[in-house]
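Text of protein_30.cif (mmCIF, C-alpha atoms and all ligand atoms) as supplied:
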```cif
data_input
loop_
_atom_site.label_atom_id
_atom_site.label_comp_id
_atom_site.auth_asym_id
_atom_site.auth_seq_id
_atom_site.Cartn_x
_atom_site.Cartn_y
_atom_site.Cartn_z
CA MET O 1 40.15 2.69 26.79
CA VAL O 2 38.17 2.14 23.60
CA PRO O 3 35.19 -0.20 24.21
CA PRO O 4 35.32 -3.43 22.14
CA HIS O 5 32.34 -2.44 19.99
CA PHE O 6 34.23 0.54 18.66
CA ARG O 7 37.38 -1.32 17.82
CA ILE O 8 36.39 -3.67 15.04
CA PHE O 9 34.07 -3.08 12.14
CA GLY O 10 31.93 -0.12 11.25
CA ARG O 11 28.87 -2.25 11.71
CA SER O 12 29.65 -2.88 15.36
CA LEU O 13 29.99 0.83 15.84
CA PHE O 14 26.64 1.14 14.11
CA VAL O 15 25.01 -1.34 16.48
CA ALA O 16 26.61 0.22 19.53
CA ILE O 17 25.17 3.59 18.67
CA GLY O 18 21.69 2.08 18.75
CA ASP O 19 18.89 1.92 16.24
CA LYS O 20 17.20 5.07 17.42
CA MET O 21 20.27 7.17 16.79
CA ARG O 22 21.02 5.97 13.29
CA SER O 23 21.53 9.16 11.40
CA ASN O 24 22.29 9.49 7.72
CA TYR O 25 25.78 10.54 8.69
CA PHE O 26 26.46 7.22 10.39
CA LYS O 27 24.66 5.20 7.72
CA ASN O 28 26.89 6.68 5.05
CA ALA O 29 29.99 6.17 7.16
CA VAL O 30 29.11 2.53 7.70
CA HIS O 31 28.42 1.96 4.01
CA GLN O 32 31.83 3.42 3.22
CA LEU O 33 33.57 1.30 5.83
CA GLY O 34 31.55 -1.76 5.05
CA ASP O 35 32.91 -4.73 3.33
CA PHE O 36 29.50 -6.37 3.71
CA HIS O 37 30.76 -9.86 3.11
CA LEU O 38 33.72 -9.79 5.45
CA SER O 39 31.98 -8.02 8.28
CA ARG O 40 29.04 -10.37 8.28
CA GLN O 41 31.29 -13.39 8.49
CA ILE O 42 33.10 -12.24 11.58
CA ARG O 43 31.00 -10.97 14.43
CA ASN O 44 32.81 -10.43 17.69
CA GLY O 45 35.40 -12.93 16.54
CA ILE O 46 32.86 -15.65 15.67
CA PHE O 47 32.97 -16.99 12.14
CA MET O 48 29.50 -17.08 10.73
CA ASP O 49 29.10 -17.42 6.97
CA TYR O 50 25.35 -17.71 7.09
CA SER O 51 24.87 -17.20 3.36
CA LYS O 52 26.85 -20.38 2.73
CA ILE O 53 24.75 -22.24 5.32
CA HIS O 54 21.49 -20.82 3.95
CA LYS O 55 22.47 -21.77 0.43
CA ASP O 56 22.98 -25.40 1.52
CA THR O 57 19.78 -25.40 3.58
CA TYR O 58 17.56 -24.00 0.82
CA ASP O 59 19.18 -26.19 -1.84
CA ALA O 60 18.30 -29.18 0.32
CA LEU O 61 14.71 -27.99 0.87
CA ALA O 62 13.97 -26.76 -2.66
CA ASP O 63 11.95 -29.87 -3.63
CA GLU O 64 9.76 -29.48 -0.55
CA TYR O 65 9.20 -25.77 -1.26
CA GLU O 66 8.17 -26.72 -4.77
CA GLU O 67 5.72 -29.32 -3.44
CA ARG O 68 4.07 -26.68 -1.21
CA VAL O 69 3.45 -24.15 -3.96
CA ASP O 70 -0.26 -24.92 -4.39
CA THR O 71 -0.87 -24.74 -0.65
CA LEU O 72 0.85 -21.37 -0.44
CA LEU O 73 -0.95 -19.88 -3.42
CA PRO O 74 -3.78 -18.14 -1.46
CA VAL O 75 -1.36 -16.56 1.05
CA THR O 76 0.88 -15.32 -1.75
CA GLN O 77 -2.09 -13.95 -3.66
CA GLU O 78 -3.27 -12.11 -0.56
CA ALA O 79 0.19 -10.59 -0.01
CA ILE O 80 0.34 -9.42 -3.61
CA SER O 81 -3.14 -7.91 -3.34
CA TYR O 82 -1.78 -5.55 -0.63
CA PHE O 83 1.40 -4.75 -2.54
CA SER O 84 0.40 -4.30 -6.16
CA PRO O 85 -1.89 -1.23 -5.73
CA HIS O 86 1.20 0.68 -4.53
CA VAL O 87 3.22 0.00 -7.70
CA ALA O 88 2.57 1.87 -10.92
CA SER O 89 1.08 -0.23 -13.68
CA GLY O 90 3.82 -1.98 -15.65
CA GLY O 91 6.46 -0.96 -13.08
CA ASN O 92 9.57 -2.97 -12.37
CA VAL O 93 9.62 -5.11 -9.25
CA LEU O 94 12.47 -6.92 -7.56
CA GLU O 95 11.64 -9.99 -5.54
CA VAL O 96 14.34 -10.68 -2.96
CA GLY O 97 14.78 -14.32 -1.95
CA CYS O 98 12.26 -15.40 -4.58
CA GLY O 99 12.45 -19.11 -3.73
CA VAL O 100 10.71 -21.27 -6.32
CA GLY O 101 9.26 -18.21 -8.05
CA LEU O 102 5.56 -18.31 -7.19
CA ALA O 103 5.30 -14.60 -6.40
CA VAL O 104 7.42 -13.77 -9.47
CA LYS O 105 4.79 -15.55 -11.57
CA LEU O 106 1.82 -13.84 -9.92
CA LEU O 107 3.44 -10.41 -10.14
CA ALA O 108 4.33 -10.93 -13.81
CA GLU O 109 0.71 -11.95 -14.48
CA GLN O 110 -0.30 -8.53 -13.13
CA GLY O 111 1.85 -6.87 -15.79
CA PHE O 112 4.90 -5.98 -13.70
CA ALA O 113 8.41 -6.44 -15.08
CA VAL O 114 9.76 -8.78 -12.43
CA LYS O 115 13.31 -9.64 -11.50
CA GLY O 116 14.06 -12.25 -8.83
CA ILE O 117 17.24 -12.71 -6.85
CA GLU O 118 17.77 -16.01 -5.10
CA LEU O 119 20.73 -17.41 -3.19
CA SER O 120 20.00 -21.11 -3.70
CA PRO O 121 20.66 -22.40 -7.23
CA LYS O 122 18.15 -25.22 -6.73
CA MET O 123 15.40 -22.83 -5.67
CA ALA O 124 16.33 -20.57 -8.59
CA ASP O 125 16.07 -23.51 -11.02
CA TYR O 126 12.43 -23.98 -10.02
CA ALA O 127 11.84 -20.22 -10.27
CA LYS O 128 13.34 -20.16 -13.79
CA LYS O 129 11.27 -23.14 -14.88
CA ARG O 130 8.12 -21.46 -13.58
CA ASN O 131 9.05 -18.11 -15.13
CA PRO O 132 11.00 -18.72 -18.35
CA HIS O 133 10.68 -15.08 -19.38
CA ALA O 134 11.57 -13.43 -16.07
CA ALA O 135 15.06 -12.38 -15.02
CA ILE O 136 15.96 -14.76 -12.21
CA VAL O 137 19.44 -14.13 -10.86
CA VAL O 138 21.32 -16.54 -8.62
CA GLY O 139 23.05 -14.29 -6.12
CA ASP O 140 23.29 -12.87 -2.63
CA PHE O 141 21.21 -9.75 -2.10
CA LEU O 142 23.70 -8.43 0.43
CA THR O 143 26.63 -8.35 -1.95
CA THR O 144 24.89 -7.81 -5.29
CA ASP O 145 25.39 -4.40 -6.81
CA PHE O 146 22.12 -3.37 -8.45
CA LYS O 147 22.56 -1.03 -11.39
CA ALA O 148 18.83 -0.42 -11.72
CA THR O 149 16.31 1.10 -9.35
CA PHE O 150 12.88 -0.42 -8.79
CA ASP O 151 9.28 0.73 -8.47
CA GLY O 152 8.66 -2.04 -5.99
CA ILE O 153 10.50 -4.57 -3.85
CA PHE O 154 8.77 -7.72 -2.62
CA ALA O 155 10.48 -9.72 0.12
CA PHE O 156 8.36 -12.37 1.75
CA ALA O 157 9.86 -14.67 4.45
CA PHE O 158 13.35 -13.29 3.86
CA ILE O 159 14.33 -10.61 6.38
CA HIS O 160 14.25 -12.92 9.41
CA LEU O 161 17.19 -14.93 8.03
CA PHE O 162 19.62 -12.23 9.16
CA PRO O 163 20.94 -10.90 12.45
CA LYS O 164 19.36 -7.55 13.23
CA ALA O 165 22.57 -5.66 12.52
CA ASP O 166 22.53 -6.96 8.94
CA ALA O 167 18.75 -6.78 8.57
CA VAL O 168 18.84 -3.03 9.14
CA ARG O 169 21.49 -2.72 6.46
CA ILE O 170 19.31 -4.79 4.14
CA LEU O 171 16.44 -2.37 4.76
CA ASP O 172 18.79 0.53 4.03
CA LYS O 173 19.85 -1.16 0.80
CA MET O 174 16.24 -1.81 -0.22
CA TYR O 175 15.46 1.84 0.43
CA SER O 176 18.44 2.94 -1.65
CA ILE O 177 17.48 0.87 -4.72
CA LEU O 178 13.84 1.95 -4.71
CA ARG O 179 12.78 4.87 -6.86
CA ALA O 180 11.17 7.88 -5.20
CA SER O 181 7.70 6.81 -3.96
CA GLY O 182 8.61 3.17 -4.59
CA ALA O 183 6.85 0.51 -2.51
CA LEU O 184 8.24 -2.19 -0.27
CA TYR O 185 6.40 -5.35 0.79
CA ILE O 186 8.22 -7.20 3.52
CA GLY O 187 7.06 -9.99 5.77
CA THR O 188 8.09 -12.12 8.71
CA THR O 189 6.27 -13.84 11.56
CA GLU O 190 5.36 -11.80 14.61
CA SER O 191 7.06 -12.52 17.90
CA SER O 192 6.32 -11.23 21.40
CA GLU O 193 10.05 -11.23 22.11
CA SER O 194 13.05 -9.98 20.18
CA THR O 195 15.55 -12.83 19.85
CA GLU O 196 17.95 -14.21 17.25
CA GLY O 197 20.19 -17.22 16.70
CA TRP O 198 20.62 -20.47 14.79
CA GLU O 199 17.61 -22.76 14.66
CA THR O 200 16.80 -26.10 13.09
CA LYS O 201 14.12 -25.70 10.47
CA GLU O 202 11.41 -27.84 12.01
CA ASP O 203 8.59 -27.14 9.57
CA TYR O 204 10.50 -29.07 6.86
CA SER O 205 12.21 -32.46 6.86
CA GLY O 206 15.76 -33.06 8.04
CA THR O 207 17.74 -31.02 10.53
CA HIS O 208 18.74 -28.11 8.33
CA LYS O 209 19.85 -24.97 10.10
CA ARG O 210 19.07 -21.39 9.34
CA PHE O 211 19.64 -18.14 11.15
CA ARG O 212 16.40 -16.79 12.58
CA LYS O 213 15.67 -13.33 13.90
CA HIS O 214 12.33 -13.02 15.71
CA TRP O 215 10.95 -9.51 15.38
CA THR O 216 8.35 -7.82 17.51
CA GLU O 217 5.94 -5.59 15.66
CA VAL O 218 7.21 -2.42 17.34
CA GLU O 219 10.82 -3.33 16.64
CA PHE O 220 10.18 -4.03 12.99
CA ARG O 221 8.19 -0.86 12.44
CA ASP O 222 10.98 1.05 14.12
CA ALA O 223 13.59 -0.54 11.82
CA LEU O 224 11.53 0.41 8.76
CA GLU O 225 11.20 3.99 9.97
CA CYS O 226 14.92 4.22 10.76
CA SER O 227 15.69 3.19 7.17
CA GLY O 228 13.52 6.04 5.94
CA PHE O 229 10.29 4.24 5.06
CA GLY O 230 6.91 5.87 5.62
CA ASN O 231 3.23 4.98 5.10
CA ILE O 232 3.90 1.77 6.99
CA VAL O 233 0.84 -0.47 7.10
CA LEU O 234 0.65 -3.88 8.79
CA HIS O 235 -1.12 -6.83 7.19
CA LYS O 236 -1.52 -10.00 9.24
CA ILE O 237 -1.90 -13.14 7.15
CA PRO O 238 -2.51 -16.61 8.63
CA ASP O 239 -0.99 -19.41 6.54
CA PRO O 240 -2.17 -23.02 6.14
CA PHE O 241 0.67 -24.23 8.42
CA GLY O 242 -0.56 -22.38 11.50
CA LYS O 243 1.80 -19.40 11.29
CA VAL O 244 0.58 -15.81 11.28
CA TRP O 245 2.60 -13.54 9.04
CA MET O 246 3.34 -9.96 9.95
CA ASP O 247 3.73 -8.24 6.61
CA PHE O 248 4.17 -4.55 5.95
CA THR O 249 3.65 -2.32 2.99
CA ALA O 250 5.84 0.77 3.18
CA LYS O 251 6.77 3.61 0.85
CA LYS O 252 10.01 5.41 0.10
C1 LIG B 1 11.96 -18.89 3.57
S1 LIG B 1 12.46 -18.87 1.89
C2 LIG B 1 11.13 -17.89 1.17
C3 LIG B 1 11.06 -18.02 -0.32
C4 LIG B 1 9.94 -17.21 -0.99
N1 LIG B 1 10.13 -15.80 -0.74
C5 LIG B 1 8.60 -17.68 -0.49
O1 LIG B 1 7.95 -16.93 0.22
O2 LIG B 1 8.23 -18.81 -0.79
C6 LIG B 1 13.81 -17.68 1.91
C7 LIG B 1 14.53 -17.64 0.59
O3 LIG B 1 15.51 -16.60 0.65
C8 LIG B 1 16.69 -17.08 0.01
N2 LIG B 1 17.84 -16.31 0.53
C9 LIG B 1 18.45 -16.44 1.73
N3 LIG B 1 19.45 -15.57 1.85
C10 LIG B 1 19.51 -14.88 0.68
C11 LIG B 1 20.35 -13.85 0.19
N4 LIG B 1 21.33 -13.36 0.96
N5 LIG B 1 20.13 -13.36 -1.05
C12 LIG B 1 19.12 -13.87 -1.83
N6 LIG B 1 18.29 -14.86 -1.41
C13 LIG B 1 18.47 -15.35 -0.17
C14 LIG B 1 16.72 -18.54 0.39
O4 LIG B 1 17.57 -19.30 -0.45
C15 LIG B 1 15.26 -18.92 0.28
O5 LIG B 1 14.90 -19.36 -1.00
#
```

What is this structure when it is put down as structure tokens?
Amino acid sequence: MVPPHFRIFGRSLFVAIGDKMRSNYFKNAVHQLGDFHLSRQIRNGIFMDYSKIHKDTYDALADEYEERVDTLLPVTQEAISYFSPHVASGGNVLEVGCGVGLAVKLLAEQGFAVKGIELSPKMADYAKKRNPHAAIVVGDFLTTDFKATFDGIFAFAFIHLFPKADAVRILDKMYSILRASGALYIGTTESSESTEGWETKEDYSGTHKRFRKHWTEVEFRDALECSGFGNIVLHKIPDPFGKVWMDFTAKK
């Protein structure tokens, strides 16, 4: 009898095999099998179009994100101070989930050629207004086919919006679109337990939902290593809202 995990999508097979055993052979097989969009909508028979839900949530919260830009400036500057020394001067950087475009602006001011991808059109409107000369694309990182490769990828407060099975594929994709020796900056909050599920976003107004994966430090380091990243360095950054961010620089 074939166990249920092995019957449906390649991704379930991927999860069943376990993170530790992810070999390039299986990664490639999953990429070939993977219709990313379809497989993320149906997980064990449950319909879950979280990109649609996240788009609505972040559209609704875009004004509040914009209002918090000044408060978040020091944290963003600190994150960039860890990232930018790893990217060659004038290199091209992709910011994934760029929100209202604060980091895009700061990175461009450092001389990088910055491209931002953002799911929420309302967030992207603010990012475009803040960065009239940058390439801000409205799109879903999971399904966007990038023609270019990048010297750096910056992804702050993004990776925890996905179930682990998709997050590891996102890390694989980030690895694949980085140039040799390219640098990744990726951040989430640290958790003592590994959990995931839908949560109401309580640090903003309303009752908007988002998917939230809580990563432990060991688990996240392990995921980065499994995707091929090395030189992994942790940076802990407290923000003005009482959260402590667990950010990593890592190299291809
Ligand atoms: C918590 S916000 C962080 C925004 C920004 N990075 C910052 O630190 O202020 C996460 C952002 O990721 C965007 N996002 C969510 N899923 C995405 C996807 N699949 N592709 C691109 N952007 C996405 C959301 O719309 C939102 O703007």

Expressed in Å, the length from atom CA of Pro132 of chain O to atom C2 of ligand LIG 1 (chain B) is 19.5 Å

Residues within 8 Å of ligand LIG 1 (chain B) (all atoms listed in the file), as a short mmCIF file (atom, residue, chain, number, x, y, z; two decimals) with C-alpha atoms, keeping the file's coordinate frame?
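Output saved as selection05.cif:
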```
data_model
loop_
_atom_site.label_atom_id
_atom_site.label_comp_id
_atom_site.auth_asym_id
_atom_site.auth_seq_id
_atom_site.Cartn_x
_atom_site.Cartn_y
_atom_site.Cartn_z
CA SER O 51 24.87 -17.20 3.36
CA HIS O 54 21.49 -20.82 3.95
CA LYS O 55 22.47 -21.77 0.43
CA THR O 57 19.78 -25.40 3.58
CA TYR O 58 17.56 -24.00 0.82
CA ASP O 59 19.18 -26.19 -1.84
CA ALA O 62 13.97 -26.76 -2.66
CA TYR O 65 9.20 -25.77 -1.26
CA VAL O 69 3.45 -24.15 -3.96
CA LEU O 72 0.85 -21.37 -0.44
CA THR O 76 0.88 -15.32 -1.75
CA GLU O 95 11.64 -9.99 -5.54
CA VAL O 96 14.34 -10.68 -2.96
CA GLY O 97 14.78 -14.32 -1.95
CA CYS O 98 12.26 -15.40 -4.58
CA GLY O 99 12.45 -19.11 -3.73
CA VAL O 100 10.71 -21.27 -6.32
CA GLY O 101 9.26 -18.21 -8.05
CA LEU O 102 5.56 -18.31 -7.19
CA ALA O 103 5.30 -14.60 -6.40
CA ILE O 117 17.24 -12.71 -6.85
CA GLU O 118 17.77 -16.01 -5.10
CA LEU O 119 20.73 -17.41 -3.19
CA SER O 120 20.00 -21.11 -3.70
CA MET O 123 15.40 -22.83 -5.67
CA ALA O 124 16.33 -20.57 -8.59
CA VAL O 138 21.32 -16.54 -8.62
CA GLY O 139 23.05 -14.29 -6.12
CA ASP O 140 23.29 -12.87 -2.63
CA PHE O 141 21.21 -9.75 -2.10
CA LEU O 142 23.70 -8.43 0.43
CA THR O 143 26.63 -8.35 -1.95
CA ALA O 155 10.48 -9.72 0.12
CA PHE O 156 8.36 -12.37 1.75
CA ALA O 157 9.86 -14.67 4.45
CA PHE O 158 13.35 -13.29 3.86
CA LEU O 161 17.19 -14.93 8.03
#
```

Nearest to Trp198 of chain O: which of O:Asp247, O:Asp70, O:Asp239, O:Asp49 is it, counting only C-alpha atoms?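 Selected residue with least distance to Trp198 of chain O: O:Asp49.
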
For a quick check of understanding, using all atoms listed in the file, which of O:Arg179, O:Lys147, O:Lys52, O:Lys164 has the smallest distance to Gly91 of chain O?
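Between O:Arg179, O:Lys147, O:Lys52, O:Lys164, the residue approaching Gly91 of chain O most closely is O:Arg179.
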
Taking all atoms listed in the file into account, produce a table as CSV in which each residue of segment 148-241 of chain O with an atom at most 12 Å from an atom of segment 106-111 of chain O appears once, together with its shortest atom pair and the distance in Å to one decimal, ordered by chain and rising number.
```
residue,atom,partner,partner_atom,distance
O:Gly152,CA,O:Leu107,CA,10.7
O:Ile153,CA,O:Leu107,CA,11.1
O:Phe154,CA,O:Leu107,CA,9.6
```

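Take atom CA of Pro85 of chain O and atom CA of Lys173 of chain O: the distance between them is 22.7 Å.
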